[in-house]
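Peer 1: The structure file target-v8.txt (compact mmCIF, N, CA and C atoms) is provided below.
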# COMPACT_ATOMS: atom_id res chain seq x y z
N GLN A 1 0.76 14.72 6.04
CA GLN A 1 0.54 14.16 4.72
C GLN A 1 1.58 14.70 3.74
N VAL A 2 1.93 13.87 2.81
CA VAL A 2 2.87 14.24 1.75
C VAL A 2 2.19 13.97 0.42
N GLN A 3 2.24 14.92 -0.48
CA GLN A 3 1.71 14.73 -1.82
C GLN A 3 2.89 14.68 -2.80
N LEU A 4 2.79 13.76 -3.77
CA LEU A 4 3.86 13.56 -4.74
C LEU A 4 3.31 13.63 -6.15
N VAL A 5 4.01 14.33 -7.01
CA VAL A 5 3.61 14.43 -8.42
C VAL A 5 4.84 14.18 -9.28
N GLU A 6 4.77 13.15 -10.13
CA GLU A 6 5.87 12.85 -11.04
C GLU A 6 5.67 13.56 -12.37
N SER A 7 6.78 13.78 -13.04
CA SER A 7 6.75 14.29 -14.41
C SER A 7 8.03 13.85 -15.11
N GLY A 8 8.02 13.98 -16.44
CA GLY A 8 9.25 13.74 -17.19
C GLY A 8 9.30 12.45 -17.97
N GLY A 9 8.27 11.63 -17.89
CA GLY A 9 8.29 10.40 -18.67
C GLY A 9 8.16 10.68 -20.15
N GLY A 10 8.27 9.64 -20.95
CA GLY A 10 8.15 9.80 -22.39
C GLY A 10 8.67 8.59 -23.11
N SER A 11 8.84 8.74 -24.41
CA SER A 11 9.33 7.66 -25.25
C SER A 11 10.68 8.04 -25.83
N VAL A 12 11.63 7.11 -25.74
CA VAL A 12 12.96 7.35 -26.27
C VAL A 12 13.46 6.07 -26.93
N GLN A 13 14.48 6.21 -27.73
CA GLN A 13 15.14 5.03 -28.29
C GLN A 13 16.20 4.53 -27.32
N ALA A 14 16.52 3.28 -27.48
CA ALA A 14 17.56 2.69 -26.65
C ALA A 14 18.84 3.52 -26.75
N GLY A 15 19.47 3.71 -25.60
CA GLY A 15 20.66 4.53 -25.53
C GLY A 15 20.39 5.98 -25.16
N GLY A 16 19.12 6.36 -25.19
CA GLY A 16 18.75 7.71 -24.87
C GLY A 16 18.66 7.96 -23.38
N SER A 17 18.24 9.18 -23.05
CA SER A 17 18.16 9.61 -21.65
C SER A 17 16.83 10.29 -21.37
N LEU A 18 16.41 10.19 -20.14
CA LEU A 18 15.25 10.91 -19.63
C LEU A 18 15.54 11.32 -18.20
N ARG A 19 14.91 12.39 -17.77
CA ARG A 19 14.99 12.77 -16.37
C ARG A 19 13.58 12.87 -15.81
N LEU A 20 13.34 12.10 -14.77
CA LEU A 20 12.07 12.15 -14.08
C LEU A 20 12.19 13.08 -12.88
N SER A 21 11.08 13.74 -12.59
CA SER A 21 11.01 14.61 -11.42
C SER A 21 9.87 14.17 -10.53
N CYS A 22 10.07 14.33 -9.24
CA CYS A 22 9.03 14.04 -8.25
C CYS A 22 8.94 15.25 -7.33
N ALA A 23 7.85 15.98 -7.46
CA ALA A 23 7.64 17.17 -6.64
C ALA A 23 6.84 16.80 -5.41
N ALA A 24 7.41 17.06 -4.25
CA ALA A 24 6.75 16.75 -2.98
C ALA A 24 6.21 18.02 -2.35
N SER A 25 5.05 17.89 -1.74
CA SER A 25 4.46 19.01 -1.01
C SER A 25 3.82 18.46 0.25
N GLY A 26 3.48 19.38 1.17
CA GLY A 26 2.91 18.95 2.44
C GLY A 26 4.01 18.85 3.49
N ASN A 27 3.93 17.84 4.32
CA ASN A 27 4.88 17.68 5.43
C ASN A 27 6.15 16.98 4.96
N ILE A 28 6.91 17.64 4.11
CA ILE A 28 8.09 16.99 3.54
C ILE A 28 9.19 16.82 4.58
N ASP A 29 9.11 17.53 5.69
CA ASP A 29 10.11 17.32 6.75
C ASP A 29 10.00 15.92 7.33
N ASN A 30 8.84 15.28 7.15
CA ASN A 30 8.64 13.93 7.66
C ASN A 30 9.17 12.85 6.72
N LEU A 31 9.54 13.26 5.52
CA LEU A 31 9.96 12.31 4.51
C LEU A 31 11.34 11.76 4.85
N ARG A 32 11.44 10.46 5.02
CA ARG A 32 12.71 9.81 5.39
C ARG A 32 13.40 9.18 4.19
N VAL A 33 12.64 8.54 3.33
CA VAL A 33 13.19 7.91 2.14
C VAL A 33 12.25 8.20 0.98
N LEU A 34 12.81 8.59 -0.15
CA LEU A 34 12.05 8.75 -1.38
C LEU A 34 12.52 7.66 -2.35
N GLY A 35 11.59 6.83 -2.73
CA GLY A 35 11.94 5.72 -3.62
C GLY A 35 11.38 5.93 -5.01
N TRP A 36 12.09 5.41 -5.99
CA TRP A 36 11.59 5.35 -7.37
C TRP A 36 11.32 3.88 -7.69
N PHE A 37 10.08 3.60 -8.02
CA PHE A 37 9.66 2.25 -8.35
C PHE A 37 9.36 2.17 -9.84
N ARG A 38 9.55 0.98 -10.37
CA ARG A 38 9.22 0.71 -11.77
C ARG A 38 8.31 -0.50 -11.83
N GLN A 39 7.26 -0.36 -12.61
CA GLN A 39 6.38 -1.50 -12.87
C GLN A 39 6.33 -1.75 -14.36
N ALA A 40 7.02 -2.82 -14.76
CA ALA A 40 7.01 -3.21 -16.16
C ALA A 40 5.75 -4.02 -16.44
N PRO A 41 5.31 -4.07 -17.69
CA PRO A 41 4.10 -4.83 -18.02
C PRO A 41 4.18 -6.27 -17.53
N GLY A 42 3.19 -6.68 -16.77
CA GLY A 42 3.11 -8.04 -16.30
C GLY A 42 4.07 -8.39 -15.19
N GLN A 43 4.76 -7.40 -14.65
CA GLN A 43 5.73 -7.69 -13.60
C GLN A 43 5.39 -6.94 -12.33
N GLU A 44 6.02 -7.38 -11.25
CA GLU A 44 5.81 -6.77 -9.96
C GLU A 44 6.52 -5.42 -9.89
N ARG A 45 5.93 -4.52 -9.15
CA ARG A 45 6.55 -3.22 -8.96
C ARG A 45 7.79 -3.36 -8.09
N GLU A 46 8.90 -2.79 -8.54
CA GLU A 46 10.15 -2.93 -7.81
C GLU A 46 10.82 -1.57 -7.65
N VAL A 47 11.58 -1.43 -6.59
CA VAL A 47 12.30 -0.19 -6.38
C VAL A 47 13.59 -0.24 -7.20
N VAL A 48 13.82 0.79 -7.99
CA VAL A 48 15.04 0.85 -8.80
C VAL A 48 16.07 1.82 -8.21
N SER A 49 15.59 2.78 -7.43
CA SER A 49 16.50 3.73 -6.82
C SER A 49 15.80 4.37 -5.63
N ALA A 50 16.60 4.88 -4.71
CA ALA A 50 16.03 5.56 -3.56
C ALA A 50 17.07 6.51 -2.97
N ILE A 51 16.58 7.50 -2.27
CA ILE A 51 17.47 8.44 -1.59
C ILE A 51 16.93 8.67 -0.19
N ARG A 52 17.83 8.62 0.76
CA ARG A 52 17.46 8.80 2.15
C ARG A 52 17.68 10.25 2.53
N ARG A 53 17.11 10.65 3.64
CA ARG A 53 17.18 12.05 4.04
C ARG A 53 18.63 12.52 4.22
N ASP A 54 19.52 11.59 4.63
CA ASP A 54 20.94 11.97 4.78
C ASP A 54 21.68 11.92 3.43
N GLU A 55 20.93 11.75 2.35
CA GLU A 55 21.43 11.76 0.97
C GLU A 55 22.14 10.47 0.59
N SER A 56 22.03 9.45 1.42
CA SER A 56 22.48 8.13 0.98
C SER A 56 21.61 7.69 -0.18
N THR A 57 22.21 6.96 -1.10
CA THR A 57 21.47 6.52 -2.28
C THR A 57 21.53 5.01 -2.45
N TYR A 58 20.54 4.51 -3.14
CA TYR A 58 20.44 3.08 -3.43
C TYR A 58 20.08 2.93 -4.90
N TYR A 59 20.69 1.91 -5.52
CA TYR A 59 20.35 1.56 -6.91
C TYR A 59 20.22 0.06 -7.03
N ALA A 60 19.20 -0.37 -7.72
CA ALA A 60 19.10 -1.78 -8.07
C ALA A 60 20.23 -2.13 -9.04
N ASN A 61 20.63 -3.39 -9.03
CA ASN A 61 21.72 -3.81 -9.91
C ASN A 61 21.41 -3.50 -11.37
N SER A 62 20.14 -3.61 -11.73
CA SER A 62 19.75 -3.44 -13.13
C SER A 62 19.96 -2.01 -13.64
N VAL A 63 20.07 -1.04 -12.73
CA VAL A 63 20.20 0.35 -13.18
C VAL A 63 21.48 1.00 -12.68
N SER A 64 22.22 0.31 -11.84
CA SER A 64 23.44 0.88 -11.27
C SER A 64 24.41 1.28 -12.39
N GLY A 65 24.94 2.50 -12.28
CA GLY A 65 25.85 3.01 -13.29
C GLY A 65 25.16 3.73 -14.42
N ARG A 66 23.85 3.61 -14.51
CA ARG A 66 23.10 4.27 -15.59
C ARG A 66 22.13 5.32 -15.05
N PHE A 67 21.58 5.09 -13.87
CA PHE A 67 20.61 6.00 -13.26
C PHE A 67 21.29 6.75 -12.12
N ALA A 68 20.80 7.97 -11.87
CA ALA A 68 21.30 8.75 -10.75
C ALA A 68 20.14 9.48 -10.10
N VAL A 69 20.04 9.36 -8.79
CA VAL A 69 18.98 10.02 -8.03
C VAL A 69 19.58 11.21 -7.29
N SER A 70 18.84 12.29 -7.22
CA SER A 70 19.30 13.49 -6.53
C SER A 70 18.11 14.28 -6.05
N GLN A 71 18.37 15.23 -5.17
CA GLN A 71 17.33 16.11 -4.66
C GLN A 71 17.81 17.55 -4.72
N ASP A 72 16.88 18.45 -4.79
CA ASP A 72 17.26 19.85 -4.69
C ASP A 72 17.51 20.19 -3.22
N GLY A 73 17.95 21.41 -2.96
CA GLY A 73 18.43 21.77 -1.63
C GLY A 73 17.39 21.62 -0.53
N ASP A 74 16.14 21.93 -0.83
CA ASP A 74 15.12 21.85 0.22
C ASP A 74 14.41 20.50 0.21
N LYS A 75 14.90 19.58 -0.60
CA LYS A 75 14.37 18.21 -0.69
C LYS A 75 12.92 18.18 -1.15
N ALA A 76 12.45 19.24 -1.77
CA ALA A 76 11.08 19.25 -2.24
C ALA A 76 10.94 18.54 -3.58
N THR A 77 12.02 18.47 -4.34
CA THR A 77 11.98 17.81 -5.64
C THR A 77 13.10 16.79 -5.72
N THR A 78 12.74 15.60 -6.14
CA THR A 78 13.69 14.51 -6.32
C THR A 78 13.73 14.17 -7.79
N TYR A 79 14.93 13.92 -8.29
CA TYR A 79 15.12 13.63 -9.70
C TYR A 79 15.66 12.22 -9.89
N LEU A 80 15.32 11.64 -11.00
CA LEU A 80 15.93 10.38 -11.42
C LEU A 80 16.44 10.59 -12.84
N GLN A 81 17.75 10.74 -12.97
CA GLN A 81 18.37 10.88 -14.27
C GLN A 81 18.64 9.48 -14.81
N MET A 82 18.07 9.18 -15.97
CA MET A 82 18.18 7.84 -16.54
C MET A 82 18.94 7.94 -17.86
N ASN A 83 20.11 7.35 -17.89
CA ASN A 83 20.96 7.36 -19.08
C ASN A 83 21.11 5.95 -19.64
N SER A 84 21.57 5.88 -20.86
CA SER A 84 21.79 4.59 -21.52
C SER A 84 20.58 3.68 -21.37
N LEU A 85 19.43 4.22 -21.64
CA LEU A 85 18.19 3.48 -21.43
C LEU A 85 18.12 2.25 -22.33
N LYS A 86 17.50 1.21 -21.78
CA LYS A 86 17.33 -0.07 -22.47
C LYS A 86 15.84 -0.37 -22.59
N PRO A 87 15.45 -1.19 -23.55
CA PRO A 87 14.03 -1.56 -23.65
C PRO A 87 13.48 -2.15 -22.36
N GLU A 88 14.30 -2.84 -21.60
CA GLU A 88 13.82 -3.42 -20.35
C GLU A 88 13.59 -2.39 -19.25
N ASP A 89 13.95 -1.16 -19.50
CA ASP A 89 13.62 -0.08 -18.56
C ASP A 89 12.19 0.43 -18.75
N THR A 90 11.52 -0.05 -19.75
CA THR A 90 10.14 0.36 -20.03
C THR A 90 9.23 0.01 -18.87
N GLY A 91 8.37 0.93 -18.53
CA GLY A 91 7.39 0.69 -17.48
C GLY A 91 6.82 1.99 -16.96
N VAL A 92 5.97 1.86 -15.97
CA VAL A 92 5.46 3.04 -15.28
C VAL A 92 6.35 3.28 -14.06
N TYR A 93 6.81 4.48 -13.93
CA TYR A 93 7.70 4.86 -12.83
C TYR A 93 6.91 5.66 -11.81
N TYR A 94 7.04 5.25 -10.57
CA TYR A 94 6.36 5.91 -9.46
C TYR A 94 7.40 6.41 -8.46
N CYS A 95 7.16 7.58 -7.91
CA CYS A 95 7.91 7.96 -6.73
C CYS A 95 7.03 7.71 -5.52
N ALA A 96 7.67 7.36 -4.43
CA ALA A 96 6.94 7.00 -3.22
C ALA A 96 7.74 7.45 -2.01
N ALA A 97 7.02 7.85 -0.97
CA ALA A 97 7.66 8.38 0.22
C ALA A 97 7.44 7.45 1.41
N CYS A 98 8.53 7.24 2.13
CA CYS A 98 8.46 6.52 3.40
C CYS A 98 8.73 7.53 4.51
N VAL A 99 7.88 7.55 5.52
CA VAL A 99 8.04 8.52 6.60
C VAL A 99 8.32 7.86 7.94
N PHE A 100 8.18 6.54 8.02
CA PHE A 100 8.36 5.85 9.30
C PHE A 100 8.83 4.43 9.05
N ALA A 101 9.76 3.95 9.90
CA ALA A 101 10.23 2.56 9.83
C ALA A 101 10.67 2.19 8.41
N CYS A 102 11.45 3.05 7.84
CA CYS A 102 11.88 2.86 6.45
C CYS A 102 13.07 1.89 6.42
N ALA A 103 12.99 0.89 5.59
CA ALA A 103 14.09 -0.05 5.46
C ALA A 103 15.20 0.57 4.63
N TRP A 104 16.43 0.29 5.05
CA TRP A 104 17.57 0.77 4.27
C TRP A 104 18.67 -0.29 4.34
N PRO A 105 19.15 -0.77 3.19
CA PRO A 105 18.65 -0.42 1.86
C PRO A 105 17.23 -0.93 1.66
N PRO A 106 16.52 -0.38 0.69
CA PRO A 106 15.14 -0.78 0.48
C PRO A 106 15.04 -2.25 0.06
N HIS A 107 13.97 -2.91 0.51
CA HIS A 107 13.68 -4.24 0.00
C HIS A 107 13.12 -4.08 -1.41
N PRO A 108 13.64 -4.80 -2.37
CA PRO A 108 13.29 -4.53 -3.78
C PRO A 108 11.80 -4.51 -4.10
N TYR A 109 11.03 -5.38 -3.45
CA TYR A 109 9.61 -5.48 -3.82
C TYR A 109 8.69 -5.12 -2.67
N ASP A 110 9.20 -4.52 -1.63
CA ASP A 110 8.39 -4.19 -0.47
C ASP A 110 7.82 -2.79 -0.60
N ARG A 111 6.55 -2.71 -0.93
CA ARG A 111 5.90 -1.41 -1.08
C ARG A 111 5.23 -0.95 0.20
N SER A 112 5.14 -1.86 1.19
CA SER A 112 4.33 -1.59 2.37
C SER A 112 4.88 -0.44 3.21
N ARG A 113 6.17 -0.20 3.12
CA ARG A 113 6.76 0.85 3.95
C ARG A 113 6.58 2.24 3.36
N TYR A 114 6.07 2.30 2.16
CA TYR A 114 5.89 3.58 1.48
C TYR A 114 4.42 3.98 1.57
N SER A 115 4.16 5.06 2.28
CA SER A 115 2.78 5.43 2.58
C SER A 115 2.20 6.44 1.61
N HIS A 116 3.04 7.07 0.81
CA HIS A 116 2.55 8.10 -0.10
C HIS A 116 3.12 7.83 -1.49
N TRP A 117 2.25 7.92 -2.50
CA TRP A 117 2.64 7.57 -3.86
C TRP A 117 2.22 8.66 -4.83
N GLY A 118 3.03 8.82 -5.86
CA GLY A 118 2.64 9.65 -6.97
C GLY A 118 1.74 8.88 -7.92
N GLN A 119 1.33 9.54 -8.98
CA GLN A 119 0.38 8.94 -9.91
C GLN A 119 1.05 8.07 -10.96
N GLY A 120 2.35 8.16 -11.07
CA GLY A 120 3.10 7.38 -12.04
C GLY A 120 3.30 8.11 -13.35
N THR A 121 4.39 7.80 -14.01
CA THR A 121 4.68 8.37 -15.33
C THR A 121 5.26 7.27 -16.21
N GLN A 122 4.79 7.21 -17.45
CA GLN A 122 5.17 6.14 -18.36
C GLN A 122 6.52 6.44 -19.01
N VAL A 123 7.37 5.43 -19.01
CA VAL A 123 8.64 5.49 -19.75
C VAL A 123 8.65 4.34 -20.74
N THR A 124 8.84 4.66 -21.99
CA THR A 124 8.89 3.64 -23.03
C THR A 124 10.20 3.77 -23.79
N VAL A 125 10.95 2.67 -23.83
CA VAL A 125 12.24 2.65 -24.52
C VAL A 125 12.13 1.67 -25.68
N SER A 126 12.34 2.15 -26.87
CA SER A 126 12.23 1.29 -28.05
C SER A 126 13.62 0.89 -28.54
N SER A 127 13.68 -0.30 -29.12
CA SER A 127 14.98 -0.81 -29.59
C SER A 127 15.28 -0.34 -31.00
Now, as a test, write the supplied structure out as structure tokens.
Peer 2:
Amino acid sequence: QVQLVESGGGSVQAGGSLRLSCAASGNIDNLRVLGWFRQAPGQEREVVSAIRRDESTYYANSVSGRFAVSQDGDKATTYLQMNSLKPEDTGVYYCAACVFACAWPPHPYDRSRYSHWGQGTQVTVSS
């Protein structure tokens, strides 16, 4: 089992920055892909960034060049640095872990491969 806890959400003005953290505990050696999902109001949850165990990274077109995903040395904590935030980045951000049969690159709206989820953290960007 893998447990995930997000932190770092908040409210910022457009152009600002936030850094989200996802702390993993439990059998983190089994973690193959850590994804960051965003669920905007009234929209489907989508993956905006992900990092694979070999440190390969993925970014959705909507965040490429503005967001950066990274992990600490023991891969227990994953970060999502979000710069140049836009109002359309508003939503609840979830980190999720895939431990088996993980698609790479991630399918944008496929949540089924992620077996462990954090509780989510709200990000609000005002114009």
Peer 1: Between A:Val2, A:Ala68, A:Leu80, A:Cys102, single out the one closest to Val33 (chain A), counting all atoms listed in the file.
Peer 2: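 Of the candidates, the smallest distance to Val33 (chain A) is held by A:Cys102.
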Peer 1: Quick one: residues within 6.5 Å of (8.2, 12.1, -14.6) (file frame), counting all atoms listed in the file, please, as a list in words.
Peer 2: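 Looking at atoms near the point gives Glu6, Ser7, Gly8, Gly9, Arg19, Leu20, Ser21, Cys22, Gly120 and Thr121 of chain A.
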Peer 1: Counting only N, CA and C atoms, figure out which residue out of A:Tyr79, A:Gln119, A:Ala50, A:Ser84 gets nearest to Pro106 (chain A).
Peer 2: A:Ala50
Peer 1: Hey, which of A:Tyr109, A:Trp117, A:Phe67, A:Tyr94 ends up closest to Phe37 (chain A)? Count only C-alpha atoms.
Peer 2: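 Once distances to Phe37 (chain A) are computed over only C-alpha atoms, the minimum belongs to A:Tyr94.
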Peer 1: Which residues in chain A does DSSP call helix (DSSP H, G or I)? List them as a PDB file with N, CA and C atoms, in the coordinates of the input.
Peer 2:
ATOM      1  N   ILE A  28       6.910  17.640   4.110  1.00  0.00           N
ATOM      2  CA  ILE A  28       8.090  16.990   3.540  1.00  0.00           C
ATOM      3  C   ILE A  28       9.190  16.820   4.580  1.00  0.00           C
ATOM      4  N   ASP A  29       9.110  17.530   5.690  1.00  0.00           N
ATOM      5  CA  ASP A  29      10.110  17.320   6.750  1.00  0.00           C
ATOM      6  C   ASP A  29      10.000  15.920   7.330  1.00  0.00           C
ATOM      7  N   ASN A  30       8.840  15.280   7.150  1.00  0.00           N
ATOM      8  CA  ASN A  30       8.640  13.930   7.660  1.00  0.00           C
ATOM      9  C   ASN A  30       9.170  12.850   6.720  1.00  0.00           C
ATOM     10  N   PRO A  87      15.450  -1.190 -23.550  1.00  0.00           N
ATOM     11  CA  PRO A  87      14.030  -1.560 -23.650  1.00  0.00           C
ATOM     12  C   PRO A  87      13.480  -2.150 -22.360  1.00  0.00           C
ATOM     13  N   GLU A  88      14.300  -2.840 -21.600  1.00  0.00           N
ATOM     14  CA  GLU A  88      13.820  -3.420 -20.350  1.00  0.00           C
ATOM     15  C   GLU A  88      13.590  -2.390 -19.250  1.00  0.00           C
ATOM     16  N   ASP A  89      13.950  -1.160 -19.500  1.00  0.00           N
ATOM     17  CA  ASP A  89      13.620  -0.080 -18.560  1.00  0.00           C
ATOM     18  C   ASP A  89      12.190   0.430 -18.750  1.00  0.00           C
TER      19      ASP A  89
END
Peer 1: What is the distance between CA of Ala96 (chain A) and CA of Ser56 (chain A), in Å to one decimal?
Peer 2: 16.1 Å
Peer 1: Counting only N, CA and C atoms, which residue out of A:Ala23, A:Val47, A:Gln3, A:Tyr93 sits closest to Arg111 (chain A)?
Peer 2: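 Using only N, CA and C atoms, Arg111 (chain A) sits closest to A:Val47.
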Peer 1: At a cut-off of 6.5 Å from (15.4, 3.8, -29.7) in the coordinates of the file, what residues are picked up using only N, CA and C atoms, written as a ChimeraX atom specification?
Peer 2: /A:12-16,125-127
Peer 1: For Leu85 (chain A), which of A:Ser17, A:His107, A:Ser11, A:Arg38 is the closest residue, counting all atoms listed in the file?
Peer 2: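 Answer, going by the shortest atom-to-atom distance: A:Ser17.
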Peer 1: Kindly compute an axis-aligned box around the listed atoms of region 43-56 of chain A, allowing 4 Å on each side, and express its centre and edge lengths in Å to one decimal as JSON.
Peer 2:
{"center_x": 13.6, "center_y": 2.4, "center_z": -4.9, "size_x": 25.7, "size_y": 28.2, "size_z": 27.4}
Peer 1: Just the strand (DSSP E) stuff from chain A, please, per backbone DSSP, written as a VMD selection string.
Peer 2: chain A and resid 2 to 7 10 to 13 18 to 26 33 to 39 46 to 52 57 to 59 67 to 71 77 to 82 91 to 98 116 to 117 121 to 126
Peer 1: Find the distance between atom C of Glu46 (chain A) and CA of Gly73 (chain A) and write it in Å to one decimal.
Peer 2: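 A separation of 25.3 Å between them.
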Peer 1: If I take atom N of Asp74 (chain A) and atom N of Lys86 (chain A), how far is one from the other in Å, to one decimal?
Peer 2: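 Answer for the atom N of Asp74 (chain A) to atom N of Lys86 (chain A) separation: 29.5 Å.
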Peer 1: Might you pull out every residue within 5 Å of Arg66 (chain A), with only N, CA and C atoms counted and same-chain residues fewer than 3 positions away left off, and present them as a list of chain:residue names?
Peer 2: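 The contact residues come out as A:Val63, A:Met82, A:Asn83.
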Peer 1: Which residues, written as a ChimeraX atom specification, have at least one atom at most 12 Å from Ile28 (chain A), with only C-alpha atoms counted and residues fewer than 3 positions away on the same chain left out?
Peer 2: /A:1-4,23-25,31-34,53,74-78,97-99,116
Peer 1: With all atoms listed in the file as the basis for distance, which of A:Ala60, A:Val92, A:Val5, A:Ala103 is at the shortest distance from Thr124 (chain A)?
Peer 2: A:Val92
Peer 1: Produce region 43-95 of chain A of the given structure as output with C-alpha atoms, as a tab-separated table (two decimals), in the first residue's frame.
Peer 2:
chain	number	residue	atom	x	y	z
A	43	GLN	CA	-14.72	19.36	-15.76
A	44	GLU	CA	-13.19	15.93	-15.92
A	45	ARG	CA	-10.13	15.17	-13.87
A	46	GLU	CA	-7.06	15.24	-16.09
A	47	VAL	CA	-3.38	14.55	-15.63
A	48	VAL	CA	-1.30	17.71	-15.96
A	49	SER	CA	2.09	16.27	-15.09
A	50	ALA	CA	3.70	13.00	-14.12
A	51	ILE	CA	7.08	11.56	-13.24
A	52	ARG	CA	8.20	8.02	-13.78
A	53	ARG	CA	10.54	6.09	-11.56
A	54	ASP	CA	13.39	6.62	-14.06
A	55	GLU	CA	12.71	10.38	-13.67
A	56	SER	CA	11.12	10.77	-17.08
A	57	THR	CA	8.58	13.55	-16.97
A	58	TYR	CA	5.33	14.36	-18.72
A	59	TYR	CA	3.46	17.64	-19.05
A	60	ALA	CA	0.11	18.38	-20.59
A	61	ASN	CA	0.27	21.01	-23.32
A	62	SER	CA	-1.69	23.41	-21.13
A	63	VAL	CA	1.07	23.54	-18.49
A	64	SER	CA	4.22	22.78	-20.48
A	65	GLY	CA	6.87	25.44	-19.87
A	66	ARG	CA	5.13	26.70	-16.72
A	67	PHE	CA	5.00	23.66	-14.41
A	68	ALA	CA	7.87	21.47	-13.29
A	69	VAL	CA	7.66	18.12	-11.52
A	70	SER	CA	10.49	16.75	-9.40
A	71	GLN	CA	11.19	14.30	-6.61
A	72	ASP	CA	13.55	14.23	-3.71
A	73	GLY	CA	16.37	11.70	-3.63
A	74	ASP	CA	14.47	8.87	-1.97
A	75	LYS	CA	11.36	9.54	-4.10
A	76	ALA	CA	9.27	9.92	-0.96
A	77	THR	CA	8.18	13.45	-1.85
A	78	THR	CA	7.13	14.70	-5.26
A	79	TYR	CA	6.79	18.38	-6.04
A	80	LEU	CA	4.87	20.32	-8.64
A	81	GLN	CA	6.28	23.81	-9.10
A	82	MET	CA	3.64	25.94	-10.80
A	83	ASN	CA	4.74	29.25	-12.30
A	84	SER	CA	2.97	31.88	-14.38
A	85	LEU	CA	-0.34	30.64	-13.06
A	86	LYS	CA	-3.50	31.40	-15.01
A	87	PRO	CA	-7.13	31.47	-13.89
A	88	GLU	CA	-7.71	28.30	-15.92
A	89	ASP	CA	-5.26	26.50	-13.64
A	90	THR	CA	-7.85	26.74	-10.87
A	91	GLY	CA	-9.03	23.43	-9.52
A	92	VAL	CA	-8.39	20.68	-7.04
A	93	TYR	CA	-5.01	19.07	-7.55
A	94	TYR	CA	-4.50	15.43	-6.68
A	95	CYS	CA	-1.39	13.32	-6.67
